[in-house]
Structures are given as C-alpha cells and as structure tokens.
file entry.txt (compact mmCIF, C-alpha atoms and all ligand atoms)
# COMPACT_ATOMS: atom_id res chain seq x y z
CA MET X 1 -6.63 6.50 82.50
CA GLU X 2 -6.09 8.28 79.19
CA LEU X 3 -6.67 12.00 78.73
CA TYR X 4 -7.97 13.59 75.52
CA LEU X 5 -7.97 17.34 74.87
CA HIS X 6 -10.04 18.62 71.98
CA ILE X 7 -8.74 21.66 70.09
CA PRO X 8 -11.55 22.50 67.64
CA PHE X 9 -9.81 25.19 65.57
CA CYS X 10 -8.74 24.82 61.95
CA VAL X 11 -7.40 27.25 59.38
CA LYS X 12 -10.32 26.28 57.14
CA LYS X 13 -12.67 23.33 56.78
CA CYS X 14 -11.40 20.44 54.63
CA ASN X 15 -13.83 19.18 51.96
CA TYR X 16 -14.35 15.75 53.57
CA CYS X 17 -14.39 16.72 57.25
CA ASP X 18 -17.32 16.35 59.62
CA PHE X 19 -15.30 16.68 62.83
CA LEU X 20 -16.21 19.30 65.38
CA SER X 21 -13.84 21.95 64.00
CA PHE X 22 -14.01 25.50 62.64
CA PRO X 23 -11.89 28.63 62.09
CA MET X 24 -11.59 30.91 65.13
CA ASP X 25 -10.20 34.39 65.85
CA GLU X 26 -7.52 35.10 68.48
CA ALA X 27 -10.01 36.31 71.11
CA GLY X 28 -11.99 33.05 70.76
CA LYS X 29 -8.83 30.96 71.07
CA LYS X 30 -7.86 32.79 74.26
CA ALA X 31 -11.31 32.29 75.76
CA TYR X 32 -11.16 28.58 74.88
CA HIS X 33 -7.75 28.22 76.51
CA ARG X 34 -9.18 29.66 79.76
CA ALA X 35 -12.13 27.25 79.48
CA LEU X 36 -9.79 24.28 79.06
CA LEU X 37 -7.82 25.30 82.17
CA ARG X 38 -11.10 25.59 84.07
CA ASP X 39 -12.17 22.10 82.92
CA ILE X 40 -8.86 20.58 83.95
CA ARG X 41 -9.25 22.11 87.43
CA GLU X 42 -12.84 20.88 87.70
CA ALA X 43 -11.96 17.36 86.52
CA SER X 44 -9.22 17.29 89.12
CA ALA X 45 -11.80 17.54 91.89
CA VAL X 46 -13.20 14.16 90.75
CA TYR X 47 -10.22 12.35 89.21
CA LYS X 48 -7.16 13.74 91.01
CA ASN X 49 -5.95 10.32 92.11
CA GLN X 50 -6.18 8.82 88.63
CA GLU X 51 -2.93 7.81 87.02
CA ILE X 52 -2.67 9.24 83.50
CA SER X 53 -0.78 7.06 81.04
CA SER X 54 -1.37 9.08 77.87
CA ILE X 55 -2.40 12.58 76.88
CA PHE X 56 -3.64 13.26 73.36
CA PHE X 57 -4.16 16.72 71.85
CA GLY X 58 -6.62 16.04 69.02
CA GLY X 59 -8.81 18.19 66.87
CA GLY X 60 -9.37 20.20 64.82
CA THR X 61 -5.81 21.38 64.51
CA PRO X 62 -3.99 21.33 67.86
CA SER X 63 -0.83 22.58 66.12
CA LEU X 64 -2.51 25.99 65.85
CA LEU X 65 -1.69 26.32 69.57
CA GLU X 66 1.44 28.23 70.51
CA GLY X 67 4.06 26.31 72.49
CA GLU X 68 3.49 28.47 75.54
CA LYS X 69 -0.21 27.57 75.64
CA VAL X 70 0.59 23.84 75.35
CA SER X 71 3.06 24.23 78.19
CA GLU X 72 0.42 25.92 80.41
CA LEU X 73 -2.07 23.14 79.66
CA LEU X 74 0.42 20.38 80.44
CA GLU X 75 1.49 22.08 83.68
CA ALA X 76 -2.17 22.31 84.71
CA ILE X 77 -2.68 18.62 83.88
CA CYS X 78 0.36 17.64 85.95
CA ARG X 79 -1.03 19.60 88.92
CA ALA X 80 -4.49 18.10 88.44
CA PHE X 81 -3.75 14.38 88.05
CA LEU X 82 -1.05 11.78 88.71
CA VAL X 83 0.73 11.93 85.37
CA ARG X 84 2.96 8.92 84.87
CA GLU X 85 6.68 9.57 84.40
CA ASP X 86 6.60 7.76 81.04
CA CYS X 87 3.30 9.30 79.90
CA GLU X 88 2.85 9.30 76.12
CA ILE X 89 1.99 12.89 75.12
CA THR X 90 0.80 13.19 71.53
CA MET X 91 -0.02 16.28 69.53
CA GLU X 92 -1.81 16.09 66.18
CA CYS X 93 -0.07 18.37 63.69
CA ASN X 94 -1.27 19.79 60.41
CA PRO X 95 1.82 20.35 58.21
CA GLY X 96 0.51 23.74 57.06
CA THR X 97 0.59 25.16 60.59
CA VAL X 98 3.99 24.34 62.08
CA THR X 99 7.37 26.05 62.26
CA GLN X 100 10.67 24.75 63.60
CA GLU X 101 10.35 27.10 66.56
CA LYS X 102 6.86 25.89 67.41
CA LEU X 103 7.86 22.21 67.25
CA CYS X 104 10.86 22.87 69.52
CA ALA X 105 8.53 24.63 71.96
CA TYR X 106 6.17 21.59 71.97
CA LYS X 107 9.14 19.35 72.73
CA ARG X 108 10.25 21.60 75.61
CA ALA X 109 6.67 21.62 76.93
CA GLY X 110 6.79 17.82 77.27
CA VAL X 111 5.11 16.59 74.07
CA ASN X 112 6.95 13.39 73.11
CA ARG X 113 4.98 12.16 70.08
CA LEU X 114 3.58 13.91 67.02
CA SER X 115 0.90 12.59 64.70
CA ILE X 116 1.31 14.42 61.39
CA GLY X 117 -1.64 14.60 58.98
CA ILE X 118 0.18 14.10 55.68
CA GLN X 119 -2.82 12.39 53.94
CA SER X 120 -1.20 12.13 50.48
CA ALA X 121 2.05 12.73 48.61
CA CYS X 122 0.07 13.95 45.60
CA ASP X 123 -0.63 17.70 45.47
CA ARG X 124 -3.67 17.20 43.23
CA ALA X 125 -5.24 14.95 45.89
CA LEU X 126 -4.32 17.36 48.71
CA SER X 127 -5.95 20.21 46.86
CA LEU X 128 -9.13 18.17 46.24
CA LEU X 129 -9.25 17.31 49.93
CA GLY X 130 -9.01 21.02 50.72
CA ARG X 131 -5.88 20.59 52.83
CA VAL X 132 -3.88 23.74 53.61
CA HIS X 133 -0.53 22.14 52.74
CA THR X 134 1.36 20.53 49.87
CA TRP X 135 3.39 17.31 49.96
CA ARG X 136 6.53 19.44 50.18
CA ASP X 137 5.15 21.23 53.28
CA ALA X 138 4.35 17.83 54.82
CA LYS X 139 7.86 16.52 54.20
CA GLU X 140 9.36 19.70 55.62
CA ALA X 141 7.16 19.48 58.72
CA PHE X 142 8.27 15.89 59.25
CA LEU X 143 11.97 16.77 58.92
CA MET X 144 11.56 19.78 61.22
CA ALA X 145 9.98 17.49 63.80
CA ARG X 146 12.99 15.18 63.63
CA GLN X 147 15.31 18.18 64.00
CA ALA X 148 13.31 19.32 67.01
CA GLY X 149 14.24 15.98 68.61
CA PHE X 150 11.05 13.91 68.20
CA SER X 151 11.95 10.22 68.03
CA ASN X 152 8.32 9.05 67.93
CA LEU X 153 6.53 10.33 64.84
CA GLY X 154 3.31 9.04 63.37
CA VAL X 155 1.83 10.03 60.01
CA ASP X 156 -1.72 9.72 58.66
CA VAL X 157 -2.47 8.86 55.04
CA MET X 158 -5.81 8.48 53.26
CA MET X 159 -6.84 6.08 50.51
CA ALA X 160 -9.79 5.74 48.11
CA LEU X 161 -9.67 9.46 47.26
CA PRO X 162 -11.58 10.85 44.27
CA GLY X 163 -9.70 10.13 41.04
CA GLN X 164 -6.97 8.22 42.90
CA SER X 165 -5.48 5.22 41.10
CA LEU X 166 -3.80 2.31 42.85
CA GLU X 167 -0.46 3.48 41.39
CA GLU X 168 -0.90 6.99 42.76
CA TYR X 169 -1.71 5.62 46.21
CA GLU X 170 1.29 3.28 46.05
CA GLU X 171 3.49 6.28 45.31
CA THR X 172 2.15 7.99 48.47
CA LEU X 173 3.05 4.93 50.52
CA LYS X 174 6.55 4.84 49.00
CA GLN X 175 7.13 8.51 49.74
CA VAL X 176 5.81 8.16 53.29
CA LEU X 177 8.01 5.11 53.90
CA SER X 178 11.04 7.07 52.73
CA LEU X 179 10.50 9.38 55.73
CA LYS X 180 10.79 6.38 58.10
CA PRO X 181 8.07 7.34 60.61
CA GLU X 182 7.63 5.13 63.68
CA HIS X 183 3.87 4.85 63.13
CA ILE X 184 1.53 4.97 60.13
CA SER X 185 -2.27 5.25 60.14
CA ALA X 186 -3.88 4.56 56.76
CA TYR X 187 -7.59 5.34 56.56
CA ASP X 188 -10.18 4.90 53.85
CA LEU X 189 -11.89 8.12 52.88
CA ILE X 190 -15.39 8.04 54.33
CA VAL X 191 -17.91 10.27 52.60
CA GLU X 192 -19.64 11.89 55.56
CA GLU X 193 -23.07 13.44 55.37
CA GLY X 194 -23.21 17.22 55.14
CA THR X 195 -19.70 17.61 53.71
CA HIS X 196 -18.67 19.04 50.38
CA PHE X 197 -17.62 15.51 49.35
CA ALA X 198 -21.09 14.14 50.14
CA ARG X 199 -22.65 16.66 47.75
CA TRP X 200 -20.05 15.78 45.13
CA TYR X 201 -20.62 12.04 45.60
CA GLU X 202 -24.34 12.51 45.12
CA LYS X 203 -23.81 14.20 41.74
CA GLU X 204 -20.84 12.18 40.52
CA PRO X 205 -20.32 8.86 42.35
CA GLU X 206 -18.07 7.60 39.54
CA ALA X 207 -15.44 10.21 40.56
CA PHE X 208 -14.74 8.08 43.66
CA PRO X 209 -12.84 4.75 43.48
CA ASP X 210 -15.06 1.66 43.42
CA GLU X 211 -15.02 -0.93 46.18
CA GLU X 212 -12.68 -3.24 44.32
CA THR X 213 -10.04 -0.50 43.93
CA SER X 214 -10.33 0.52 47.55
CA CYS X 215 -9.92 -3.16 48.64
CA ARG X 216 -6.80 -3.39 46.49
CA MET X 217 -5.46 -0.23 48.12
CA TYR X 218 -6.07 -1.72 51.56
CA LYS X 219 -4.27 -4.95 50.69
CA LYS X 220 -1.40 -2.98 49.15
CA THR X 221 -1.07 -1.02 52.40
CA VAL X 222 -0.81 -4.20 54.48
CA GLU X 223 1.69 -5.71 52.04
CA MET X 224 3.99 -2.68 51.67
CA LEU X 225 4.04 -1.63 55.31
CA THR X 226 4.56 -5.16 56.60
CA LYS X 227 7.44 -5.62 54.16
CA ALA X 228 8.96 -2.35 55.41
CA GLY X 229 9.07 -3.67 59.01
CA TYR X 230 5.84 -2.23 60.40
CA ARG X 231 3.53 -4.45 62.38
CA GLN X 232 -0.17 -4.00 61.75
CA TYR X 233 -1.82 -3.84 65.18
CA GLU X 234 -5.28 -2.55 64.25
CA ILE X 235 -7.42 -2.42 61.10
CA SER X 236 -5.89 0.93 60.04
CA ASN X 237 -2.76 1.22 62.19
CA TYR X 238 0.83 0.06 61.81
CA ALA X 239 3.87 0.62 64.04
CA LYS X 240 7.55 -0.18 64.27
CA PRO X 241 8.23 -2.45 67.29
CA GLY X 242 7.70 -0.51 70.52
CA PHE X 243 5.77 2.36 68.87
CA VAL X 244 2.12 1.32 69.10
CA CYS X 245 0.09 4.44 69.92
CA ARG X 246 -0.75 3.94 73.59
CA HIS X 247 -3.70 6.29 73.46
CA ASN X 248 -5.51 4.61 70.56
CA TYR X 249 -4.61 1.13 71.67
CA GLY X 250 -6.10 1.89 75.10
CA TYR X 251 -9.36 2.90 73.42
CA TRP X 252 -9.65 -0.44 71.59
CA SER X 253 -8.69 -2.28 74.77
CA ASN X 254 -11.54 -0.83 76.80
CA GLU X 255 -9.33 1.48 78.91
CA PRO X 256 -11.10 4.43 80.54
CA TYR X 257 -10.53 7.90 79.07
CA LEU X 258 -11.49 11.40 80.04
CA GLY X 259 -12.24 14.04 77.40
CA ILE X 260 -11.52 17.70 78.08
CA GLY X 261 -12.83 20.41 75.76
CA LEU X 262 -15.71 21.16 73.45
CA GLY X 263 -17.66 18.02 72.49
CA ALA X 264 -14.99 15.71 73.94
CA GLY X 265 -16.22 12.20 74.80
CA SER X 266 -15.36 10.25 77.95
CA TYR X 267 -15.62 6.66 79.10
CA VAL X 268 -15.29 6.19 82.83
CA GLY X 269 -16.61 3.22 84.78
CA LEU X 270 -19.40 2.05 82.54
CA ARG X 271 -20.53 5.59 81.70
CA ARG X 272 -20.08 7.20 78.32
CA PHE X 273 -20.63 10.94 78.22
CA ARG X 274 -19.85 13.89 76.01
CA ASN X 275 -19.18 17.55 76.78
CA THR X 276 -21.53 20.05 75.23
CA THR X 277 -20.86 20.85 71.57
CA ASP X 278 -22.32 24.34 71.93
CA TRP X 279 -19.49 26.87 71.80
CA THR X 280 -21.16 29.66 73.81
CA SER X 281 -22.42 27.33 76.54
CA TYR X 282 -19.05 25.59 76.75
CA LEU X 283 -17.20 28.86 77.29
CA ALA X 284 -19.63 29.84 80.06
CA LYS X 285 -19.73 26.44 81.78
CA ASN X 286 -19.14 22.85 80.69
CA THR X 287 -22.13 20.56 80.76
CA THR X 288 -22.22 16.92 79.72
CA GLU X 289 -24.69 15.41 77.27
CA GLU X 290 -25.70 11.93 76.15
CA THR X 291 -24.81 10.22 79.40
CA ALA X 292 -25.26 6.51 78.94
CA VAL X 293 -24.63 3.63 81.27
CA LEU X 294 -23.69 0.61 79.17
CA THR X 295 -25.91 -2.42 79.56
CA ASN X 296 -24.36 -5.87 79.75
CA GLU X 297 -25.37 -6.48 76.13
CA GLU X 298 -23.74 -3.23 74.98
CA GLN X 299 -20.56 -4.07 76.90
CA GLN X 300 -20.37 -7.41 75.14
CA GLU X 301 -20.91 -5.78 71.75
CA GLU X 302 -18.11 -3.32 72.51
CA PHE X 303 -15.87 -6.13 73.68
CA PHE X 304 -16.03 -7.58 70.16
CA PHE X 305 -16.44 -4.35 68.21
CA LEU X 306 -13.38 -2.72 69.78
CA GLY X 307 -11.27 -5.78 70.65
CA MET X 308 -11.52 -7.33 67.23
CA ARG X 309 -10.28 -4.16 65.56
CA ARG X 310 -6.93 -5.15 67.09
CA VAL X 311 -4.88 -7.63 65.13
CA GLU X 312 -4.45 -9.66 68.34
CA GLY X 313 -8.25 -10.01 68.50
CA ILE X 314 -10.03 -11.32 71.58
CA SER X 315 -9.95 -14.52 73.61
CA GLN X 316 -12.55 -16.67 75.25
CA LYS X 317 -10.58 -16.33 78.49
CA GLU X 318 -10.85 -12.51 78.45
CA PHE X 319 -14.54 -12.83 77.72
CA ALA X 320 -15.07 -15.21 80.63
CA ALA X 321 -13.20 -12.88 82.99
CA ARG X 322 -15.35 -9.87 82.00
CA PHE X 323 -18.68 -11.63 81.58
CA PRO X 324 -18.67 -14.66 83.90
CA GLU X 325 -22.46 -14.95 83.62
CA THR X 326 -22.58 -15.22 79.82
CA ASP X 327 -22.02 -18.29 77.70
CA PHE X 328 -19.35 -17.71 75.02
CA ALA X 329 -20.68 -20.56 72.83
CA PRO X 330 -23.14 -18.50 70.72
CA TYR X 331 -20.36 -15.99 69.94
CA LYS X 332 -17.99 -18.83 69.17
CA ASN X 333 -20.50 -20.25 66.68
CA THR X 334 -20.72 -16.89 64.92
CA LEU X 335 -16.93 -16.59 64.83
CA LEU X 336 -16.53 -20.15 63.53
CA HIS X 337 -19.03 -19.38 60.78
CA PHE X 338 -16.74 -16.57 59.56
CA LEU X 339 -13.68 -18.75 60.13
CA THR X 340 -14.93 -21.24 57.53
CA GLN X 341 -15.11 -18.32 55.07
CA GLY X 342 -11.50 -17.30 55.76
CA LEU X 343 -12.55 -14.03 57.42
CA VAL X 344 -11.63 -14.96 61.01
CA ARG X 345 -8.69 -16.96 62.33
CA GLU X 346 -8.25 -18.81 65.62
CA GLU X 347 -4.84 -19.17 67.21
CA ASN X 348 -4.04 -20.22 70.78
CA GLY X 349 -7.59 -19.55 71.93
CA ARG X 350 -7.71 -16.09 70.32
CA PHE X 351 -10.06 -15.06 67.55
CA SER X 352 -9.01 -12.30 65.17
CA LEU X 353 -9.85 -10.95 61.73
CA THR X 354 -7.83 -11.99 58.69
CA VAL X 355 -6.96 -9.26 56.16
CA ASP X 356 -10.05 -10.29 54.13
CA GLY X 357 -12.08 -10.15 57.35
CA MET X 358 -10.86 -6.60 58.01
CA LEU X 359 -12.27 -5.57 54.64
CA VAL X 360 -15.75 -6.67 55.76
CA SER X 361 -15.35 -5.99 59.48
CA ASN X 362 -18.68 -4.13 59.63
CA VAL X 363 -20.56 -7.23 58.49
CA ILE X 364 -18.81 -9.36 61.13
CA PHE X 365 -19.39 -6.80 63.90
CA THR X 366 -23.06 -6.50 62.97
CA GLU X 367 -23.45 -10.27 63.20
CA LEU X 368 -21.71 -10.33 66.61
CA GLY X 369 -24.01 -7.49 67.73
CA LEU X 370 -27.01 -9.53 66.64
CA THR X 371 -25.62 -12.49 68.58
CA ALA X 372 -25.53 -10.31 71.72
CA GLU X 373 -29.14 -9.33 71.10
CA ARG X 374 -30.24 -12.96 70.68
CA ILE X 375 -28.41 -14.02 73.86
CA GLN X 376 -30.14 -11.25 75.76
CA LYS X 377 -33.50 -12.41 74.50
CA GLY X 378 -32.59 -15.98 75.33
CA GLY X 379 -33.07 -17.11 71.72
CA LYS X 380 -31.04 -19.46 69.60
CA THR X 381 -28.13 -18.16 67.54
S1 LIG U 401 -7.57 19.86 59.43
FE1 LIG U 401 -8.55 17.97 60.20
S2 LIG U 401 -10.12 18.67 61.63
FE2 LIG U 401 -9.49 20.45 60.42
S3 LIG U 401 -10.98 20.58 58.79
FE3 LIG U 401 -9.23 19.40 58.01
S4 LIG U 401 -9.73 17.25 58.47
FE4 LIG U 401 -11.12 18.52 59.66

call {"tool": "encode", "arguments": {"input": "entry.txt", "output": "structure tokens"}}
result
Amino acid sequence: MELYLHIPFCVKKCNYCDFLSFPMDEAGKKAYHRALLRDIREASAVYKNQEISSIFFGGGTPSLLEGEKVSELLEAICRAFLVREDCEITMECNPGTVTQEKLCAYKRAGVNRLSIGIQSACDRALSLLGRVHTWRDAKEAFLMARQAGFSNLGVDVMMALPGQSLEEYEETLKQVLSLKPEHISAYDLIVEEGTHFARWYEKEPEAFPDEETSCRMYKKTVEMLTKAGYRQYEISNYAKPGFVCRHNYGYWSNEPYLGIGLGAGSYVGLRRFRNTTDWTSYLAKNTTEETAVLTNEEQQEEFFFLGMRRVEGISQKEFAARFPETDFAPYKNTLLHFLTQGLVREENGRFSLTVDGMLVSNVIFTELGLTAERIQKGGKT
C-alpha cells in the first residue's frame, strides 16, 4: 500500500492553483500536526498489518514543515504500519521555502526523494504564475538538495504558459537538463475554474498559447528528454533508468493508497473515499466523504483510463485476469480503430498510446468509457 500525507499550507496562492491549499499561521500548523498524528494512530487500528512501499508528502507546500515535524510524522508512521525497508519517501519542495539545514534535516528524518517544483527557468513566467521563487532560487534549492545527500531528485516543469514561446520553453528544458535530475514531470498548464488564470483567460484567451503551440511543446519535451537519456513512462513523466516514481506509478497501476490529512483521497479494496475538506471539522475529528464502491463498469474504465496513461499501456491478459467475466473484444475494436489512425500501437499483446495518441488521450479514454457503458447495457460497440 502507498501512503499519502497532505500538507495544505502555502506561503501564498499561485495564480493557476485550485489545489486544497492556503496560507496558515504557526498555531494552525501546530494544530494540524497534532491532527495528522491522530489520523496516523487511527488508521493504524485498521491498517496496521499493511506493508507500506511508498510515502508521499504532497500539498500545498510540504517543505514548509520543519525537519523535526517530518521526523515525528515518519516515526509515527513506522510505529503504525509495516514500512518496507526500501520504502520510497518523497517530499514535494517549493524552492522558495527550503534551506540547506532544512534539507539535511529531511534527509536525516528518512526522506529519500525530493520532488522540486521548478516550473520554469524564466523569471517572467514564474512571476506570472505567482510562484514565490526565481529560477536562481530553484537552481540553488536543487544544488542544496544534492549537497544534503539526495541521490533521487525529481523536478516539475510547466508548459503552455501565458505568453510562452516554444523557444522559451525549450530553454527551460535545457536549463533543467543541465541540473541532471533523476526524474522530470512536465505538465501542461490547465486553466482551472475559480483561479486568477481562469478570469484572465476569459478576458484575454489570446494571451495563452494555442493548441498547436502546446502540442509542439509536448513533442519537444518527448524529443529532448528521450535524447538526454530519460525514459518516458507516463503521459507527463520521465525518469532515468531505475528512478520511476514508485508512488505515482502505483496510482496508475491500480495499487491501493491511503490518504492522511485534510481532503486526502484513498483507494482501498474497491472503495474510494476522501477525508473532509473542512478545516475546523478536520481538526476536531476526521470524517470521510464521497465514499464510493466502484462498479464493475467503473473498474474497467479505470483499468484503461489509468493503465493507458503508462507508456507500457495495458494487455488483454491483464484484462482477462481482472475481469474474467467480460469480453475484451469490444475494447479491442475501439483500440484497433485508434490504431488505424496512428494514435494507439500494439506490441506483444499490449496496447499503448503513441505520442500523437497522448496528445488526444482524453478523446481515446472517453471512447473507451463509452465502450464500457455499451458492454454494460449489452449493446453493440
Ligand atoms: S505552491 Fe503549489 S499548492 Fe501552493 S499555491 Fe502554488 S501551486 Fe498551489
């Protein structure tokens, strides 16, 4: 099982962000720390015999936590569950919030992987995004992490930013590659409802790159990172051999995960549930919301929706093992339809997306979802 801890605090809200995150004073952070320890103890009563293969501190900005607090949380987790000796322990870091001392303390606490939110090597873009750091801060944070002894570092970059040209994005990739991280995540900017960017987009859509530019950025990412020795293993993720992010990969491979903290989601058995997102209620007592038991149809949709995000794709054999009662043929027909368009490939019984297919993955997933619906209704596909 994978463990996720949500740390919802940020120095300030970025202009594009719709995550569950907000600024918080010291008293609030202390209260939240106590609530997390309580949740870990409570989860232990149910899951104490579960083997934990990865722990992920996500947010928000987990790197606002002091090393001592991270250490207390990890000790509590080790008492609560069976944490594997080789457990991958990742901490998301915002470059504007770390010091050498803090990174060394994370390392001593047991964190063995950092995911650093660099986003861009262009200060103009960082300022538009509302990030609290410059490119220089990001580079310094990365080098400090190396000095602290981290040999597994991931960085996040964003593409299709307002006013961003292909050349500017290429320069970000070059600069990021010069740091030689073990892992790179490259995400398209998504304009989320309710954000500052959504209001901007409504008034001035032409300030944002068009679809053609963003497709060229995506293809440039695949080309440059592959050439530099990274293997693409998911639509937006690339790793040097041996450095795939275990936590994220587990998510796409249908592994169970348990979320601790405000609004954290879990997937255990066939149940998906989410902790309350209400701050005051969470501090008093955790309650879960949106409990759903996945139907057979939903499981099949997820099998494709998650599995085909991976470059290795899915196989008919895996499908037959998970859904012995369901005929694969209608899905195969849908996949073959996209294969003739060069969007899906088939190799050794596995179906996966081509780079062009990744650019229109939503269309393909929707069609596979519709296939599931038709099978359920017993109709033709
Ligand atoms: S640092 Fe991350 S979580 Fe916090 S506001 Fe910015 S994008 Fe959102």

call {"tool": "residues_around", "arguments": {"input": "entry.txt", "residues": "Tyr257 (chain X)", "least_positions_apart": "3", "cutoff": "12 Å", "atoms": "only C-alpha atoms", "output": "ChimeraX atom specification"}}
result
/X:1-5,47,50-56,246-254,260,264-274

call {"tool": "residues_around", "arguments": {"input": "entry.txt", "residues": "Lys12 (chain X)", "least_positions_apart": "3", "cutoff": "8 Å", "atoms": "only C-alpha atoms", "output": "ChimeraX atom specification"}}
result
/X:22-23,132

call {"tool": "closest_residue", "arguments": {"input": "entry.txt", "among": "X:Ser165, X:Thr221, X:Ser44, X:Thr195", "to": "ligand LIG 401 (chain U)", "atoms": "all atoms listed in the file"}}
result
X:Thr195

call {"tool": "closest_residue", "arguments": {"input": "entry.txt", "among": "X:Lys227, X:Arg131, X:His33, X:Arg124", "to": "ligand LIG 401 (chain U)", "atoms": "all atoms listed in the file"}}
result
X:Arg131

call {"tool": "atom_distance", "arguments": {"input": "entry.txt", "atom1": "CA of Cys104 (chain X)", "atom2": "CA of Glu68 (chain X)"}}
result
11.0 Å

call {"tool": "closest_residue", "arguments": {"input": "entry.txt", "among": "X:Pro241, X:Ala80, X:Cys93, X:Gly130", "to": "His196 (chain X)", "atoms": "all atoms listed in the file"}}
result
X:Gly130

call {"tool": "atom_distance", "arguments": {"input": "entry.txt", "atom1": "CA of Glu211 (chain X)", "atom2": "CA of Leu359 (chain X)"}}
result
10.0 Å

call {"tool": "closest_residue", "arguments": {"input": "entry.txt", "among": "X:Val355, X:Cys215, X:Cys78, X:Leu64", "to": "Arg41 (chain X)", "atoms": "only C-alpha atoms"}}
result
X:Cys78

call {"tool": "residues_near_ligand", "arguments": {"input": "entry.txt", "ligand": "ligand LIG 401 (chain U)", "cutoff": "9 Å", "atoms": "only C-alpha atoms and all ligand atoms", "output": "ChimeraX atom specification"}}
result
/X:8-23,58-61,93-94,117,129-132

call {"tool": "residues_near_point", "arguments": {"input": "entry.txt", "point": "(-8.3, -7.5, 58.0)", "cutoff": "12 Å", "atoms": "only C-alpha atoms", "output": "ChimeraX atom specification"}}
result
/X:215,218-219,221-223,232-237,308-313,342-345,352-362,364

call {"tool": "residues_around", "arguments": {"input": "entry.txt", "residues": "Ser315 (chain X)", "least_positions_apart": "3", "cutoff": "7 Å", "atoms": "only C-alpha atoms", "output": "list in words"}}
result
Glu318, Phe319, Gly349, Arg350 and Phe351 of chain X

call {"tool": "atom_distance", "arguments": {"input": "entry.txt", "atom1": "CA of Leu36 (chain X)", "atom2": "CA of Phe81 (chain X)"}}
result
14.7 Å

call {"tool": "closest_residue", "arguments": {"input": "entry.txt", "among": "X:Glu347, X:Glu182, X:Glu72, X:Glu367", "to": "Leu335 (chain X)", "atoms": "all atoms listed in the file"}}
result
X:Glu367

call {"tool": "closest_residue", "arguments": {"input": "entry.txt", "among": "X:Phe142, X:Phe328, X:Phe305, X:Phe57", "to": "Ser178 (chain X)", "atoms": "all atoms listed in the file"}}
result
X:Phe142

call {"tool": "residues_around", "arguments": {"input": "entry.txt", "residues": "region 27-32 of chain X", "least_positions_apart": "5", "cutoff": "10 Å", "atoms": "all atoms listed in the file", "output": "ChimeraX atom specification"}}
result
/X:7-9,37-38,64-65,69,261-262,279,282-284

call {"tool": "residues_around", "arguments": {"input": "entry.txt", "residues": "Val70 (chain X)", "least_positions_apart": "2", "cutoff": "9 Å", "atoms": "only C-alpha atoms", "output": "PyMOL selection string"}}
result
chain X and resi 65-68+72-75+105-106+109-111

call {"tool": "write_last_selection", "arguments": {"input": "entry.txt", "atoms": "C-alpha atoms", "output": "PDB file, in the frame of the given file"}}
result
ATOM      1  CA  LEU X  65      -1.690  26.320  69.570  1.00  0.00           C
ATOM      2  CA  GLU X  66       1.440  28.230  70.510  1.00  0.00           C
ATOM      3  CA  GLY X  67       4.060  26.310  72.490  1.00  0.00           C
ATOM      4  CA  GLU X  68       3.490  28.470  75.540  1.00  0.00           C
ATOM      5  CA  GLU X  72       0.420  25.920  80.410  1.00  0.00           C
ATOM      6  CA  LEU X  73      -2.070  23.140  79.660  1.00  0.00           C
ATOM      7  CA  LEU X  74       0.420  20.380  80.440  1.00  0.00           C
ATOM      8  CA  GLU X  75       1.490  22.080  83.680  1.00  0.00           C
ATOM      9  CA  ALA X 105       8.530  24.630  71.960  1.00  0.00           C
ATOM     10  CA  TYR X 106       6.170  21.590  71.970  1.00  0.00           C
ATOM     11  CA  ALA X 109       6.670  21.620  76.930  1.00  0.00           C
ATOM     12  CA  GLY X 110       6.790  17.820  77.270  1.00  0.00           C
ATOM     13  CA  VAL X 111       5.110  16.590  74.070  1.00  0.00           C
TER      14      VAL X 111
END

call {"tool": "axis_aligned_box", "arguments": {"input": "entry.txt", "around": "region 121-126 of chain X", "padding_each_side": "8 Å", "output": "JSON"}}
result
{"center_x": -1.6, "center_y": 15.2, "center_z": 46.0, "size_x": 23.3, "size_y": 21.0, "size_z": 21.5}

call {"tool": "closest_atom_pairs", "arguments": {"input": "entry.txt", "of": "region 90-161 of chain X", "to": "region 189-193 of chain X", "cutoff": "8 Å", "atoms": "all atoms listed in the file", "output": "tab-separated table"}}
result
residue	atom	partner	partner_atom	distance
X:Met158	CA	X:Leu189	CA	6.1
X:Met159	CA	X:Leu189	CA	5.9
X:Ala160	CA	X:Leu189	CA	5.7
X:Leu161	CA	X:Leu189	CA	6.2

call {"tool": "write_last_selection", "arguments": {"input": "entry.txt", "atoms": "C-alpha atoms", "output": "CSV table (one decimal), in the frame of the given file"}}
result
chain,number,residue,atom,x,y,z
X,158,MET,CA,-5.8,8.5,53.3
X,159,MET,CA,-6.8,6.1,50.5
X,160,ALA,CA,-9.8,5.7,48.1
X,161,LEU,CA,-9.7,9.5,47.3

call {"tool": "decode", "arguments": {"input": "entry.txt", "residues": "region 39-50 of chain X", "atoms": "N, CA and C atoms", "output": "compact mmCIF listing (two decimals), in the first residue's frame"}}
result
# COMPACT_ATOMS: atom_id res chain seq x y z
N ASP X 39 -4.57 11.04 13.12
CA ASP X 39 -5.05 10.24 11.99
C ASP X 39 -4.19 9.01 11.74
N ILE X 40 -2.89 9.20 11.89
CA ILE X 40 -1.97 8.06 11.67
C ILE X 40 -2.29 6.97 12.70
N ARG X 41 -2.48 7.39 13.96
CA ARG X 41 -2.81 6.41 15.02
C ARG X 41 -4.13 5.71 14.70
N GLU X 42 -5.12 6.50 14.29
CA GLU X 42 -6.44 5.91 14.00
C GLU X 42 -6.38 4.95 12.80
N ALA X 43 -5.62 5.34 11.77
CA ALA X 43 -5.51 4.48 10.59
C ALA X 43 -4.81 3.17 10.95
N SER X 44 -3.92 3.26 11.92
CA SER X 44 -3.17 2.08 12.35
C SER X 44 -4.11 0.99 12.88
N ALA X 45 -5.17 1.43 13.54
CA ALA X 45 -6.12 0.46 14.11
C ALA X 45 -6.71 -0.41 12.99
N VAL X 46 -6.84 0.12 11.80
CA VAL X 46 -7.44 -0.62 10.68
C VAL X 46 -6.38 -1.25 9.77
N TYR X 47 -5.28 -0.54 9.56
CA TYR X 47 -4.33 -0.97 8.51
C TYR X 47 -2.95 -1.36 9.05
N LYS X 48 -2.86 -1.70 10.34
CA LYS X 48 -1.51 -1.87 10.92
C LYS X 48 -0.69 -2.98 10.25
N ASN X 49 -1.35 -3.95 9.65
CA ASN X 49 -0.58 -5.03 9.04
C ASN X 49 -0.28 -4.80 7.56
N GLN X 50 -0.61 -3.60 7.09
CA GLN X 50 -0.36 -3.28 5.67
C GLN X 50 1.10 -2.91 5.48
